[in-house]
Structure formats: C-alpha cells, structure tokens
Amino acid sequence: MTTRRRYAWQAILFAPVLLALAMALASFPGAAHAAPAAGDGCLGPVAGQRVYDCANLLTPEETTDLEQQAAAVAQAGAPTVVYLQARPATAEQTLQDAIDLMNRWNVESKPGARDGFVMFFNLQPDDLRHGQVALYAGEKHVQHGNLPQAELDRIRTDVMTPLLQNGQTTAGIAAGLQMVAHDLRYGPPPPPASQTVSAAIGRLPFALLGILFAIVVAILYERLRRQAPIGGASGDTGLNVLSAEDHLAPAMAGALVNGRVSDAQIEATMLDFARRGLLVMEPAGADKVQVRLVGDGAGLVGFEQELWNELTIREDPETRILSREELAAMRTGWGQAKALLRRDLIERGWYDPEAAAARRRPLYIAGAIGVGGALLGVILLLLSKEAWAVIGVALFAASGVAAFVRGYAIPDTTVEGEMASVSWRAYRDTVSDSAYEPNLDTDLPYIVALGILGKLAPRLKAASERGYSPAWFRPDESQRDNGQLGWATGFYPYWMLFHTSMTPTSSGSGSASGSYSGGYSGGGAAGGGGGSAGGF
C-alpha cells in the first residue's frame with residue numbers, strides 16, 4: 001500500500017472522531033456566557049475590572065457599558081465593584097455579602113480611606129432577572145459625604161427598583177451608578193418640602209409638645225387618683241366579715257373591692273354553690289374534670305338564680321353532670337348574670353357607672369390623643385429621619401397608655417361603696433399574708449372573687465399535696481382503687497382544670513417582610529459605612 005493511500009484511510013477512520021469532537025465543542029455556550037473561572041474575578045478581584053458577572057447574565061456589550069459607568073463612579077471618588085451572582089438569599093444576607101466583599105477585596109482608594117462603593121446582586125437561580133440587591137458605601141461617603149443612608153435608600157427604591165422589577169437589569173444598574181456618580185460630584189438632591197417641614201417640626205417642637213402632653217396627663221392622673229377608703233378599725237383583719245349574718249356573697253364582695261364586675265365573680269359564685277352543697281367537682285379521668293349538680297337551687301335569687309338556670313340548661317338530664325367543655329361554653333351565657341350583679345350593686349348605692357364613666361372620659365380622650373400623637377410622630381420620623389422625633393413619639397405613646405390604664409382603673413364604686421369595702425379589703429390583705437393558712441371550703445370562692453388567686457396558688461398547691469381537700473371535691477373511690485384516675489396527688493390539678501375552663505384564652509401571631517437598611521460598625525474597608533438592600 002502506498003504512503004498516499006495509507007494517509008487516505010487514516011483520514012477516513014479519524015473523520016467520525018473529529019466530527020464528534022466538533023459537535024461537542026459547538027454544544028458549549030459562547031465565550032460571553034461561559035462558566036466563570038477564577039481569572040474572571042469570581043474568586044478574587046482583577047486589576048482594572050469593576051463589573052463581575054458571575055451569574056452569566058450580561059452580554060459583552062452590556063458589561064462594557066457598565067464598566068464605563070462604574071469607572072465614572074470611581075473617578076467621582078468611590079472605588080467601585082458591581083458583583084452579580086446566582087444565589088437564593090434575603091435582603092439582610094445580600095447586604096452582608098456586600099460588606100464582606102468590600103472588606104475581603106479592600107474596596108477603598110487606600111488603606112483606612114473607607115471610601116469604596118459596592119453594588120451586590122443575589123439573583124434567583126431559576127430567574128436571573130429577579131432577586132435581591134444591596135448598595136453599600138464606606139464611612140467617608142455615608143457619615144461625612146454625599147451618600148447618606150437616606151440617599152442610598154432612595155437610589156435603590158426610586159431609581160433602580162422600578163427598572164429591575166421590569167427585567168431591565170442593565171438599565172437598573174446603569175441608572176444606579178449614574179446617580180451615585182452624580183451625588184458624589186454635586187451632592188444628593190434637596191429633600192422634598194414635606195421632609196423639610198417634618199424635619200423642622202421633628203427636631204424640637206414635637207418633643208416639647210410631647211413633654212407638655214405628658215404634664216397634662218400627669219395632672220389628670222393625680223386629680224382622678226382613687227382615694228383611700230374611709231374608715232376601718234385599726235388592726236382589723238377582716239376575718240369577721242365571714243361570720244357576720246349579713247356577710248356578702250363572694251361575687252358581691254369581689255365586685256365591691258375591685259370596683260368592677262368581671263368573669264371572676266361568676267366563677268367565684270360557682271365555687272360558692274359548691275361550698276353551699278349545690279354542686280360538687282369530680283375527676284373525670286387523669287386530666288379531666290366535671291361538675292355534678294346535687295341541689296335544686298331553691299332560694300336563689302338575682303344573679304345567682306340566673307347562673308343556676310344556666311347550669312341546669314347545660315347539665316346532662318340523667319347524670320346532672322357538666323363536662324369541662326360545657327363549663328367553658330357557659331362563658332357565653334354569663335352576660336345576664338353579670339348585668340344582674342351590677343344592678344344589685346347599683347340598687348344598694350355602691351355602684352354609679354355613669355359617674356365613673358364621666359371620670360374616665362377625660363383620661364380616655366387623653367389616651368386617644370396620645371395614640372394619635374405617637375402615630376403623627378412616627379410619620380414625622382419616617383419623613384424627616386430626625387432622631388429628635390423619637391422623644392416625642394415615646395412621650396406621647398407612654399402618656400397615652402398611662403391615661404388608658406388610669407382610666408380603666410377608675411372603679412364604678414361610690415363613696416358608700418368604698419366605705420362598705422373596707423372590711424373586705426382587710427380580709428383580702430389578711431388572706432394574702434404568707435402567715436395565713438387558707439380554708440379551702442370557705443376562702444377559695446373569695447380568693448377567686450377578690451382577684452388574689454395568683455398570690456395564693458402556691459399555698460393552695462402545697463395544701464393539696466399535704467392531703468387537704470375541700471368538702472366539695474368528690475373523688476371516685478372505686479376508680480381510685482382500680483388505679484384509673486390517680487387523683488391521690490390531691491385536688492389541685494383538677495381544680496386548675498376547672499379554673500382554666502372558666503378563664504378566657506387568647507393568642508395571636510404576626511409576620512412582617514420588606515427591605516432592609518443597616519450599617520456595619522466593624523473594621524476594614526466597610527467599617528462605619530451604611531447600606532440599603534431589598535428585593536425586586
């Protein structure tokens with residue numbers, strides 16, 4: 001075989017290999033969108049380069065144009081880096097990325113100058129036209145120059161974000177760089193008239209207005225302060241009120257001392273029914289409790305009769321039992337019983353709700369003014385960026401809350417009611433004393449009605465652990481012997497189940513989202529600077 005024929009056969013044999021290699025090379029993207037390497041600056045800065053497209057989003061022409069815009073910022077006095085990468089991140093994380101890059105790459109004109117500027121993008125990997133952007137400037141420009149925090153916020157939100165949200169990434173970056181360069185040379189644009197006016201008000205006049213308002217609230221607070229009850233024998237323990245023939249029911253005593261009718265008085269009345277043998281409390285399982293009616297309610301009148309009727313409506317007709325769920329549902333039907341209790345107090349001359357409402361009104365008006373003033377202060381603070389407005393906001397808010405609290409604390413009781421409550425206040429103080437050993441049969445209804453259960457709860461639990469149990473607590477002996485209930489730990493756990501079923505619960509949750517602005521107080525090129533970040 002001649003040499004020429006041998007070369008021809010070799011060319012024929014290698015042709016498929018060369019064709020496959022050519023097709024493989026053609027399948028890779030062009031150089032303009034090739035995967036970034038360390039030499040492209042994605043792992044470190046490159047001399048003379050300011051725009052680093054590590055997300056492969058920009059065309060060569062777009063990159064060249066942005067390099068010119070970034071160079072203009074550098075010429076205006078801020079060494080600049082624009083960095084794009086594909087990474088899911090929050091606004092806070094993106095701002096931190098900008099700070100880290102400024103420190104790691106020493107983005108400043110010389111060590112310690114702190115005059116650099118970084119525009120950092122974390123783009124969504126599945127949608128490179130959207131993500132998070134952060135602008136960060138060094139201390140020289142933020143604290144002492146033409147790029148304060150408010151201006152960085154404005155450039156990001158007003159200049160760049162509308163373009164970025166429309167997918168105009170290059171235009172958005174260019175607009176931001178142009179505005180930064182303009183600000184560095186000529187200063188930021190003058191604030192709008194609303195900000196100028198709000199700044200003038202927020203610096204001092206609003207704080208002085210807050211001080212004046214706080215003084216007015218303090219005067220109202222003192223003038224409407226609840227006076228100490230009149231009378232009462234020195235050293236009276238108040239324990240004699242329970243032995244008196246005309247002693248008050250727990251609900252009446254509690255409403256008299258607390259100055260208002262509440263759910264606690266209705267719960268106390270149910271405990272008083274137990275003390276009087278009209279019902280008993282029973283375990284219904286290891287973590288359940290029930291109430292069994294054993295009386296007929298004969299002789300009950302007024303609010304007590306109304307509450308008893310509510311119990312009989314909800315009882316099981318055969319067993320006369322109310323489950324814990326039924327007890328909790330009863331709260332919706334307590335309104336009439338509380339209204340009858342309040343009417344009884346008014347008829348005795350101990351309550352005057354209209355006079356109390358008139359006393360509360362000035363404080364409630366002051367509270368509303370305080371809330372309105374605080375909201376106005378927040379608006380001034382947002383518009384003016386003046387820290388002085390914080391003082392006014394705090395004064396209005398604190399004074400307004402204090403006015404509402406003081407207004408609510410004004411009791412419905414009259415002078416006669418205050419005098420009638422003296423002995424019961426003495427009783428409350430005696431029972432609250434750590435040296436007093438409460439009698440669960442007689443004291444517990446009054447403890448609940450007087451609102452001192454929180455103070456007495458540890459002692460009630462200790463008494464339960466010692467085996468002390470009220471007469472109206474009836475454990476099921478047969479189930480105890482079979483080990484089914486485990487109530488030997490005492491009545492207290494079951495009592496607490498009953499109490500929590502009588503007590504309303506509330507819960508809430510909230511969430512917030514939005515852009516992030518913040519500064520960096522550490523060292524390095526980013527020390528003392530400030531930035532603004534948010535999504536688009």
# chains A, B, ... in the order shown; residues from 1 in each chain; ligands from 1
call {"tool": "residues_around", "arguments": {"residues": "region 436-439 of chain A", "least_positions_apart": "3", "cutoff": "9 Å", "atoms": "only C-alpha atoms", "output": "PyMOL selection string"}}
result
chain A and resi 430-433+442-444+456+459-460+463+470
call {"tool": "residues_around", "arguments": {"residues": "Val289 (chain A)", "least_positions_apart": "6", "cutoff": "9 Å", "atoms": "only C-alpha atoms", "output": "tab-separated table (two decimals) with all heavy atoms, in the first residue's frame"}}
result
chain	number	residue	atom	x	y	z
A	281	MET	N	-67.36	18.94	92.56
A	281	MET	CA	-66.38	18.80	91.49
A	281	MET	C	-65.82	17.39	91.55
A	281	MET	O	-65.46	16.91	92.62
A	281	MET	CB	-65.26	19.84	91.65
A	281	MET	CG	-64.29	19.90	90.50
A	281	MET	SD	-62.93	21.05	90.86
A	281	MET	CE	-63.84	22.55	91.19
A	282	GLU	N	-65.70	16.73	90.38
A	282	GLU	CA	-65.25	15.34	90.34
A	282	GLU	C	-64.20	15.15	89.25
A	282	GLU	O	-64.28	15.78	88.19
A	282	GLU	CB	-66.42	14.40	90.03
A	282	GLU	CG	-67.56	14.45	91.01
A	282	GLU	CD	-68.74	13.61	90.57
A	282	GLU	OE1	-68.85	13.34	89.34
A	282	GLU	OE2	-69.55	13.25	91.42
A	283	PRO	N	-63.23	14.27	89.49
A	283	PRO	CA	-62.34	13.87	88.39
A	283	PRO	C	-63.12	13.08	87.36
A	283	PRO	O	-64.03	12.32	87.70
A	283	PRO	CB	-61.29	13.00	89.07
A	283	PRO	CG	-61.40	13.30	90.54
A	283	PRO	CD	-62.83	13.65	90.77
A	323	SER	N	-69.61	18.56	81.66
A	323	SER	CA	-68.20	18.31	81.34
A	323	SER	C	-67.43	19.62	81.35
A	323	SER	O	-68.00	20.71	81.39
A	323	SER	CB	-68.08	17.64	79.97
A	323	SER	OG	-68.50	18.55	78.95
A	324	ARG	N	-66.10	19.49	81.27
A	324	ARG	CA	-65.27	20.70	81.24
A	324	ARG	C	-65.58	21.53	80.00
A	324	ARG	O	-65.56	22.76	80.04
A	324	ARG	CB	-63.79	20.29	81.23
A	324	ARG	CG	-62.85	21.49	81.34
A	324	ARG	CD	-61.42	21.08	81.16
A	324	ARG	NE	-60.55	22.24	81.20
A	324	ARG	CZ	-59.29	22.26	80.76
A	324	ARG	NH1	-58.77	21.18	80.22
A	324	ARG	NH2	-58.56	23.35	80.83
A	494	TYR	N	-57.06	19.09	89.48
A	494	TYR	CA	-58.42	19.12	88.95
A	494	TYR	C	-59.05	20.50	89.14
A	494	TYR	O	-59.82	20.97	88.29
A	494	TYR	CB	-59.26	18.03	89.62
A	494	TYR	CG	-58.69	16.66	89.37
A	494	TYR	CD1	-57.94	16.02	90.35
A	494	TYR	CD2	-58.88	16.03	88.16
A	494	TYR	CE1	-57.40	14.77	90.12
A	494	TYR	CE2	-58.34	14.77	87.92
A	494	TYR	CZ	-57.59	14.15	88.90
A	494	TYR	OH	-57.06	12.92	88.66
A	495	TRP	N	-58.71	21.13	90.24
A	495	TRP	CA	-59.20	22.48	90.45
A	495	TRP	C	-58.67	23.42	89.37
A	495	TRP	O	-59.39	24.26	88.83
A	495	TRP	CB	-58.80	22.97	91.84
A	495	TRP	CG	-58.41	24.41	91.91
A	495	TRP	CD1	-57.19	24.93	92.15
A	495	TRP	CD2	-59.28	25.53	91.71
A	495	TRP	NE1	-57.22	26.29	92.10
A	495	TRP	CE2	-58.50	26.69	91.84
A	495	TRP	CE3	-60.63	25.68	91.43
A	495	TRP	CZ2	-59.02	27.96	91.69
A	495	TRP	CZ3	-61.15	26.94	91.29
A	495	TRP	CH2	-60.35	28.07	91.42
A	497	LEU	N	-57.83	22.58	86.33
A	497	LEU	CA	-58.56	22.28	85.10
A	497	LEU	C	-59.89	23.02	85.07
A	497	LEU	O	-60.30	23.57	84.05
A	497	LEU	CB	-58.79	20.77	84.98
A	497	LEU	CG	-57.56	19.92	84.66
A	497	LEU	CD1	-57.91	18.43	84.79
A	497	LEU	CD2	-57.04	20.22	83.26
A	498	PHE	N	-60.56	23.02	86.22
A	498	PHE	CA	-61.82	23.76	86.32
A	498	PHE	C	-61.59	25.26	86.13
A	498	PHE	O	-62.30	25.92	85.38
A	498	PHE	CB	-62.45	23.50	87.69
A	498	PHE	CG	-63.61	24.39	88.02
A	498	PHE	CD1	-64.88	24.13	87.52
A	498	PHE	CD2	-63.44	25.51	88.81
A	498	PHE	CE1	-65.95	24.96	87.81
A	498	PHE	CE2	-64.50	26.35	89.11
A	498	PHE	CZ	-65.76	26.07	88.61
call {"tool": "residues_around", "arguments": {"residues": "Val261 (chain A)", "least_positions_apart": "3", "cutoff": "7 Å", "atoms": "only C-alpha atoms", "output": "ChimeraX atom specification"}}
result
/A:255,265,338,342
call {"tool": "write_last_selection", "arguments": {"atoms": "all heavy atoms", "output": "PDB file, in the first residue's frame"}}
result
ATOM      1  N   ALA A 255     -66.702  42.218  93.510  1.00  0.00           N
ATOM      2  CA  ALA A 255     -67.060  43.365  92.679  1.00  0.00           C
ATOM      3  C   ALA A 255     -66.945  44.659  93.453  1.00  0.00           C
ATOM      4  O   ALA A 255     -66.616  45.711  92.893  1.00  0.00           O
ATOM      5  CB  ALA A 255     -68.478  43.178  92.137  1.00  0.00           C
ATOM      6  N   GLN A 265     -66.043  36.957  89.194  1.00  0.00           N
ATOM      7  CA  GLN A 265     -67.141  36.915  90.159  1.00  0.00           C
ATOM      8  C   GLN A 265     -68.114  35.759  89.848  1.00  0.00           C
ATOM      9  O   GLN A 265     -68.691  35.172  90.749  1.00  0.00           O
ATOM     10  CB  GLN A 265     -67.899  38.240  90.158  1.00  0.00           C
ATOM     11  CG  GLN A 265     -67.292  39.292  91.062  1.00  0.00           C
ATOM     12  CD  GLN A 265     -66.153  40.029  90.374  1.00  0.00           C
ATOM     13  OE1 GLN A 265     -66.356  40.709  89.375  1.00  0.00           O
ATOM     14  NE2 GLN A 265     -64.958  39.900  90.907  1.00  0.00           N
ATOM     15  N   LYS A 338     -73.994  38.750  85.053  1.00  0.00           N
ATOM     16  CA  LYS A 338     -73.156  39.892  85.431  1.00  0.00           C
ATOM     17  C   LYS A 338     -73.967  41.181  85.437  1.00  0.00           C
ATOM     18  O   LYS A 338     -73.742  42.053  86.288  1.00  0.00           O
ATOM     19  CB  LYS A 338     -71.967  40.004  84.473  1.00  0.00           C
ATOM     20  CG  LYS A 338     -70.981  38.855  84.588  1.00  0.00           C
ATOM     21  CD  LYS A 338     -69.649  39.139  83.945  1.00  0.00           C
ATOM     22  CE  LYS A 338     -69.736  39.315  82.476  1.00  0.00           C
ATOM     23  NZ  LYS A 338     -68.408  39.459  81.842  1.00  0.00           N
ATOM     24  N   ARG A 342     -74.423  43.648  88.695  1.00  0.00           N
ATOM     25  CA  ARG A 342     -74.159  45.087  88.638  1.00  0.00           C
ATOM     26  C   ARG A 342     -75.400  45.880  89.081  1.00  0.00           C
ATOM     27  O   ARG A 342     -75.279  46.876  89.813  1.00  0.00           O
ATOM     28  CB  ARG A 342     -73.759  45.477  87.214  1.00  0.00           C
ATOM     29  CG  ARG A 342     -73.312  46.934  87.076  1.00  0.00           C
ATOM     30  CD  ARG A 342     -72.881  47.245  85.655  1.00  0.00           C
ATOM     31  NE  ARG A 342     -71.684  46.513  85.278  1.00  0.00           N
ATOM     32  CZ  ARG A 342     -71.669  45.452  84.474  1.00  0.00           C
ATOM     33  NH1 ARG A 342     -72.813  45.003  83.961  1.00  0.00           N
ATOM     34  NH2 ARG A 342     -70.547  44.844  84.186  1.00  0.00           N
TER      35      ARG A 342
END
call {"tool": "closest_residue", "arguments": {"among": "A:Ser434, A:Asn258, A:Gln143, A:Gln132", "to": "Thr157 (chain A)", "atoms": "only C-alpha atoms"}}
result
A:Gln132
call {"tool": "residues_around", "arguments": {"residues": "Leu395 (chain A)", "least_positions_apart": "4", "cutoff": "9 Å", "atoms": "only C-alpha atoms", "output": "ChimeraX atom specification"}}
result
/A:207,210-211,213-214,370,374,390-391,399-400
call {"tool": "write_last_selection", "arguments": {"atoms": "N, CA and C atoms", "output": "PDB file, in the first residue's frame"}}
result
ATOM      1  N   ALA A 207     -40.959  67.302  70.278  1.00  0.00           N
ATOM      2  CA  ALA A 207     -40.531  66.789  71.577  1.00  0.00           C
ATOM      3  C   ALA A 207     -41.087  67.657  72.715  1.00  0.00           C
ATOM      4  N   GLY A 210     -44.626  66.848  73.207  1.00  0.00           N
ATOM      5  CA  GLY A 210     -44.759  65.602  73.952  1.00  0.00           C
ATOM      6  C   GLY A 210     -44.576  65.806  75.445  1.00  0.00           C
ATOM      7  N   ILE A 211     -43.627  66.648  75.819  1.00  0.00           N
ATOM      8  CA  ILE A 211     -43.410  66.950  77.237  1.00  0.00           C
ATOM      9  C   ILE A 211     -44.635  67.630  77.832  1.00  0.00           C
ATOM     10  N   PHE A 213     -47.726  67.426  76.776  1.00  0.00           N
ATOM     11  CA  PHE A 213     -48.808  66.451  76.867  1.00  0.00           C
ATOM     12  C   PHE A 213     -48.621  65.544  78.081  1.00  0.00           C
ATOM     13  N   ALA A 214     -47.385  65.108  78.334  1.00  0.00           N
ATOM     14  CA  ALA A 214     -47.115  64.246  79.491  1.00  0.00           C
ATOM     15  C   ALA A 214     -47.463  64.962  80.800  1.00  0.00           C
ATOM     16  N   GLY A 370     -52.925  60.730  72.866  1.00  0.00           N
ATOM     17  CA  GLY A 370     -51.582  60.170  72.959  1.00  0.00           C
ATOM     18  C   GLY A 370     -51.282  59.211  71.822  1.00  0.00           C
ATOM     19  N   ALA A 374     -48.551  59.818  68.896  1.00  0.00           N
ATOM     20  CA  ALA A 374     -47.485  58.854  68.616  1.00  0.00           C
ATOM     21  C   ALA A 374     -47.465  58.476  67.137  1.00  0.00           C
ATOM     22  N   VAL A 390     -38.151  60.815  67.947  1.00  0.00           N
ATOM     23  CA  VAL A 390     -38.316  59.616  68.773  1.00  0.00           C
ATOM     24  C   VAL A 390     -38.726  59.995  70.192  1.00  0.00           C
ATOM     25  N   ILE A 391     -38.179  61.105  70.689  1.00  0.00           N
ATOM     26  CA  ILE A 391     -38.521  61.552  72.046  1.00  0.00           C
ATOM     27  C   ILE A 391     -40.008  61.875  72.129  1.00  0.00           C
ATOM     28  N   SER A 399     -47.508  58.338  77.631  1.00  0.00           N
ATOM     29  CA  SER A 399     -48.553  59.094  78.326  1.00  0.00           C
ATOM     30  C   SER A 399     -49.940  58.611  77.920  1.00  0.00           C
ATOM     31  N   GLY A 400     -50.119  58.294  76.634  1.00  0.00           N
ATOM     32  CA  GLY A 400     -51.407  57.797  76.184  1.00  0.00           C
ATOM     33  C   GLY A 400     -51.766  56.470  76.824  1.00  0.00           C
TER      34      GLY A 400
END
call {"tool": "select_by_dssp", "arguments": {"residues": "region 280-340 of chain A", "states": "strand (DSSP E or B)", "output": "ChimeraX atom specification"}}
result
/A:280-285,288-293,321-323
call {"tool": "write_last_selection", "arguments": {"atoms": "C-alpha atoms", "output": "short mmCIF file (atom, residue, chain, number, x, y, z; two decimals), in the first residue's frame"}}
result
data_model
loop_
_atom_site.label_atom_id
_atom_site.label_comp_id
_atom_site.auth_asym_id
_atom_site.auth_seq_id
_atom_site.Cartn_x
_atom_site.Cartn_y
_atom_site.Cartn_z
CA VAL A 280 -69.54 19.01 93.58
CA MET A 281 -66.38 18.80 91.49
CA GLU A 282 -65.25 15.34 90.34
CA PRO A 283 -62.34 13.87 88.39
CA ALA A 284 -63.40 12.52 85.02
CA GLY A 285 -60.06 10.99 84.10
CA LYS A 288 -60.30 15.77 83.06
CA VAL A 289 -62.75 17.29 85.49
CA GLN A 290 -66.52 17.58 85.64
CA VAL A 291 -69.18 19.23 87.78
CA ARG A 292 -72.19 17.38 89.12
CA LEU A 293 -75.26 19.26 90.33
CA ILE A 321 -73.11 16.28 85.00
CA LEU A 322 -71.46 19.16 83.12
CA SER A 323 -68.20 18.31 81.34
#
call {"tool": "atom_distance", "arguments": {"atom1": "CA of Ala86 (chain A)", "atom2": "CA of Leu177 (chain A)"}}
result
20.9 Å
call {"tool": "residues_around", "arguments": {"residues": "Ser421 (chain A)", "least_positions_apart": "2", "cutoff": "10 Å", "atoms": "only C-alpha atoms", "output": "ChimeraX atom specification"}}
result
/A:229-232,253-259,350,413,415-419,423-427
call {"tool": "residues_around", "arguments": {"residues": "Ala55 (chain A)", "least_positions_apart": "2", "cutoff": "10 Å", "atoms": "only C-alpha atoms", "output": "short mmCIF file (atom, residue, chain, number, x, y, z; two decimals) with all heavy atoms, in the first residue's frame"}}
result
data_model
loop_
_atom_site.label_atom_id
_atom_site.label_comp_id
_atom_site.auth_asym_id
_atom_site.auth_seq_id
_atom_site.Cartn_x
_atom_site.Cartn_y
_atom_site.Cartn_z
N HIS A 33 -20.81 33.92 27.65
CA HIS A 33 -21.61 33.36 28.72
C HIS A 33 -21.00 32.07 29.27
O HIS A 33 -21.69 31.21 29.79
CB HIS A 33 -23.04 33.08 28.22
CG HIS A 33 -23.79 34.31 27.90
ND1 HIS A 33 -23.60 35.00 26.74
CD2 HIS A 33 -24.73 35.00 28.61
CE1 HIS A 33 -24.39 36.06 26.71
NE2 HIS A 33 -25.09 36.08 27.84
N ALA A 34 -19.69 31.93 29.14
CA ALA A 34 -19.02 30.74 29.66
C ALA A 34 -19.03 30.75 31.17
O ALA A 34 -19.15 31.80 31.80
CB ALA A 34 -17.58 30.70 29.15
N ALA A 35 -18.91 29.57 31.78
CA ALA A 35 -18.87 29.48 33.24
C ALA A 35 -17.69 30.29 33.76
O ALA A 35 -16.58 30.20 33.23
CB ALA A 35 -18.75 28.03 33.68
N PRO A 36 -17.89 31.10 34.78
CA PRO A 36 -16.81 31.97 35.26
C PRO A 36 -15.69 31.17 35.89
O PRO A 36 -15.92 30.18 36.57
CB PRO A 36 -17.52 32.85 36.31
CG PRO A 36 -18.69 32.03 36.75
CD PRO A 36 -19.12 31.26 35.57
N CYS A 42 -14.44 35.95 39.80
CA CYS A 42 -15.48 35.44 40.70
C CYS A 42 -14.89 34.90 41.99
O CYS A 42 -15.63 34.69 42.95
CB CYS A 42 -16.29 34.36 39.98
SG CYS A 42 -17.29 35.05 38.63
N TYR A 52 -18.37 42.35 37.78
CA TYR A 52 -18.12 40.91 37.85
C TYR A 52 -19.47 40.20 37.70
O TYR A 52 -20.29 40.15 38.62
CB TYR A 52 -17.48 40.55 39.19
CG TYR A 52 -16.12 41.19 39.39
CD1 TYR A 52 -16.01 42.50 39.87
CD2 TYR A 52 -14.95 40.51 39.06
CE1 TYR A 52 -14.77 43.09 40.03
CE2 TYR A 52 -13.71 41.09 39.22
CZ TYR A 52 -13.63 42.38 39.72
OH TYR A 52 -12.40 42.97 39.87
N ASP A 53 -19.69 39.65 36.49
CA ASP A 53 -20.95 38.97 36.19
C ASP A 53 -20.77 37.47 36.41
O ASP A 53 -20.56 36.71 35.45
CB ASP A 53 -21.37 39.27 34.75
CG ASP A 53 -22.67 38.56 34.37
OD1 ASP A 53 -23.41 38.18 35.31
OD2 ASP A 53 -22.92 38.37 33.17
N LEU A 57 -25.20 36.67 33.16
CA LEU A 57 -26.44 37.31 32.73
C LEU A 57 -26.21 38.37 31.66
O LEU A 57 -27.03 38.54 30.76
CB LEU A 57 -27.13 37.93 33.95
CG LEU A 57 -28.41 38.74 33.69
CD1 LEU A 57 -29.50 37.83 33.12
CD2 LEU A 57 -28.89 39.41 34.98
N LEU A 58 -25.11 39.10 31.74
CA LEU A 58 -24.89 40.25 30.87
C LEU A 58 -24.18 39.86 29.58
O LEU A 58 -23.36 38.93 29.57
CB LEU A 58 -24.06 41.31 31.61
CG LEU A 58 -24.57 41.74 33.00
CD1 LEU A 58 -23.58 42.69 33.65
CD2 LEU A 58 -25.94 42.40 32.86
N TYR A 83 -21.16 43.43 41.52
CA TYR A 83 -20.99 41.97 41.59
C TYR A 83 -22.35 41.31 41.46
O TYR A 83 -23.29 41.62 42.20
CB TYR A 83 -20.35 41.58 42.92
CG TYR A 83 -19.79 40.18 42.98
CD1 TYR A 83 -18.45 39.94 42.73
CD2 TYR A 83 -20.61 39.10 43.29
CE1 TYR A 83 -17.92 38.65 42.81
CE2 TYR A 83 -20.09 37.81 43.36
CZ TYR A 83 -18.75 37.60 43.12
OH TYR A 83 -18.23 36.33 43.18
N LEU A 84 -22.46 40.37 40.50
CA LEU A 84 -23.70 39.62 40.30
C LEU A 84 -23.42 38.14 40.44
O LEU A 84 -22.45 37.62 39.84
CB LEU A 84 -24.29 39.87 38.90
CG LEU A 84 -24.73 41.29 38.53
CD1 LEU A 84 -23.56 42.09 37.97
CD2 LEU A 84 -25.87 41.25 37.53
N GLN A 85 -24.25 37.46 41.22
CA GLN A 85 -24.14 36.01 41.35
C GLN A 85 -25.54 35.41 41.49
O GLN A 85 -26.48 36.10 41.88
CB GLN A 85 -23.27 35.62 42.55
CG GLN A 85 -23.89 35.94 43.90
CD GLN A 85 -23.05 35.45 45.06
OE1 GLN A 85 -21.92 34.99 44.89
NE2 GLN A 85 -23.59 35.52 46.27
N ALA A 86 -25.66 34.13 41.17
CA ALA A 86 -26.93 33.41 41.30
C ALA A 86 -26.92 32.68 42.64
O ALA A 86 -26.20 31.69 42.80
CB ALA A 86 -27.11 32.44 40.15
N ARG A 87 -27.72 33.19 43.58
CA ARG A 87 -27.80 32.55 44.91
C ARG A 87 -29.07 33.01 45.60
O ARG A 87 -29.33 34.21 45.70
CB ARG A 87 -26.60 32.94 45.77
CG ARG A 87 -26.58 32.24 47.13
CD ARG A 87 -25.29 32.54 47.88
NE ARG A 87 -25.33 33.81 48.58
CZ ARG A 87 -25.69 33.95 49.87
NH1 ARG A 87 -26.07 32.91 50.58
NH2 ARG A 87 -25.68 35.13 50.44
N PHE A 121 -25.51 41.87 43.84
CA PHE A 121 -26.76 41.21 43.45
C PHE A 121 -26.71 39.73 43.82
O PHE A 121 -25.74 39.04 43.48
CB PHE A 121 -26.98 41.32 41.93
CG PHE A 121 -27.38 42.69 41.46
CD1 PHE A 121 -26.41 43.65 41.22
CD2 PHE A 121 -28.71 43.01 41.25
CE1 PHE A 121 -26.76 44.92 40.78
CE2 PHE A 121 -29.07 44.27 40.81
CZ PHE A 121 -28.10 45.23 40.58
N ASN A 122 -27.76 39.25 44.49
CA ASN A 122 -28.02 37.83 44.65
C ASN A 122 -29.26 37.51 43.83
O ASN A 122 -30.38 37.86 44.22
CB ASN A 122 -28.24 37.46 46.12
CG ASN A 122 -26.94 37.24 46.86
OD1 ASN A 122 -26.01 36.66 46.32
ND2 ASN A 122 -26.88 37.70 48.10
N LEU A 123 -29.07 36.89 42.67
CA LEU A 123 -30.16 36.64 41.74
C LEU A 123 -30.74 35.24 41.94
O LEU A 123 -30.02 34.31 42.31
CB LEU A 123 -29.66 36.79 40.30
CG LEU A 123 -28.99 38.14 39.98
CD1 LEU A 123 -28.39 38.12 38.58
CD2 LEU A 123 -30.00 39.28 40.11
N GLN A 124 -32.02 35.11 41.68
CA GLN A 124 -32.68 33.81 41.81
C GLN A 124 -32.13 32.86 40.75
O GLN A 124 -32.15 33.19 39.56
CB GLN A 124 -34.19 33.95 41.65
CG GLN A 124 -34.84 34.83 42.71
CD GLN A 124 -36.32 35.02 42.47
OE1 GLN A 124 -36.92 34.37 41.61
NE2 GLN A 124 -36.93 35.93 43.22
N PRO A 125 -31.66 31.68 41.15
CA PRO A 125 -31.06 30.77 40.16
C PRO A 125 -32.01 30.39 39.03
O PRO A 125 -31.57 30.17 37.90
CB PRO A 125 -30.69 29.55 41.02
CG PRO A 125 -30.51 30.10 42.40
CD PRO A 125 -31.52 31.19 42.52
N LEU A 128 -33.01 34.79 36.71
CA LEU A 128 -31.90 35.73 36.95
C LEU A 128 -32.30 37.19 36.82
O LEU A 128 -31.51 38.08 37.15
CB LEU A 128 -30.76 35.43 35.97
CG LEU A 128 -30.08 34.05 36.13
CD1 LEU A 128 -29.01 33.87 35.07
CD2 LEU A 128 -29.48 33.91 37.53
#
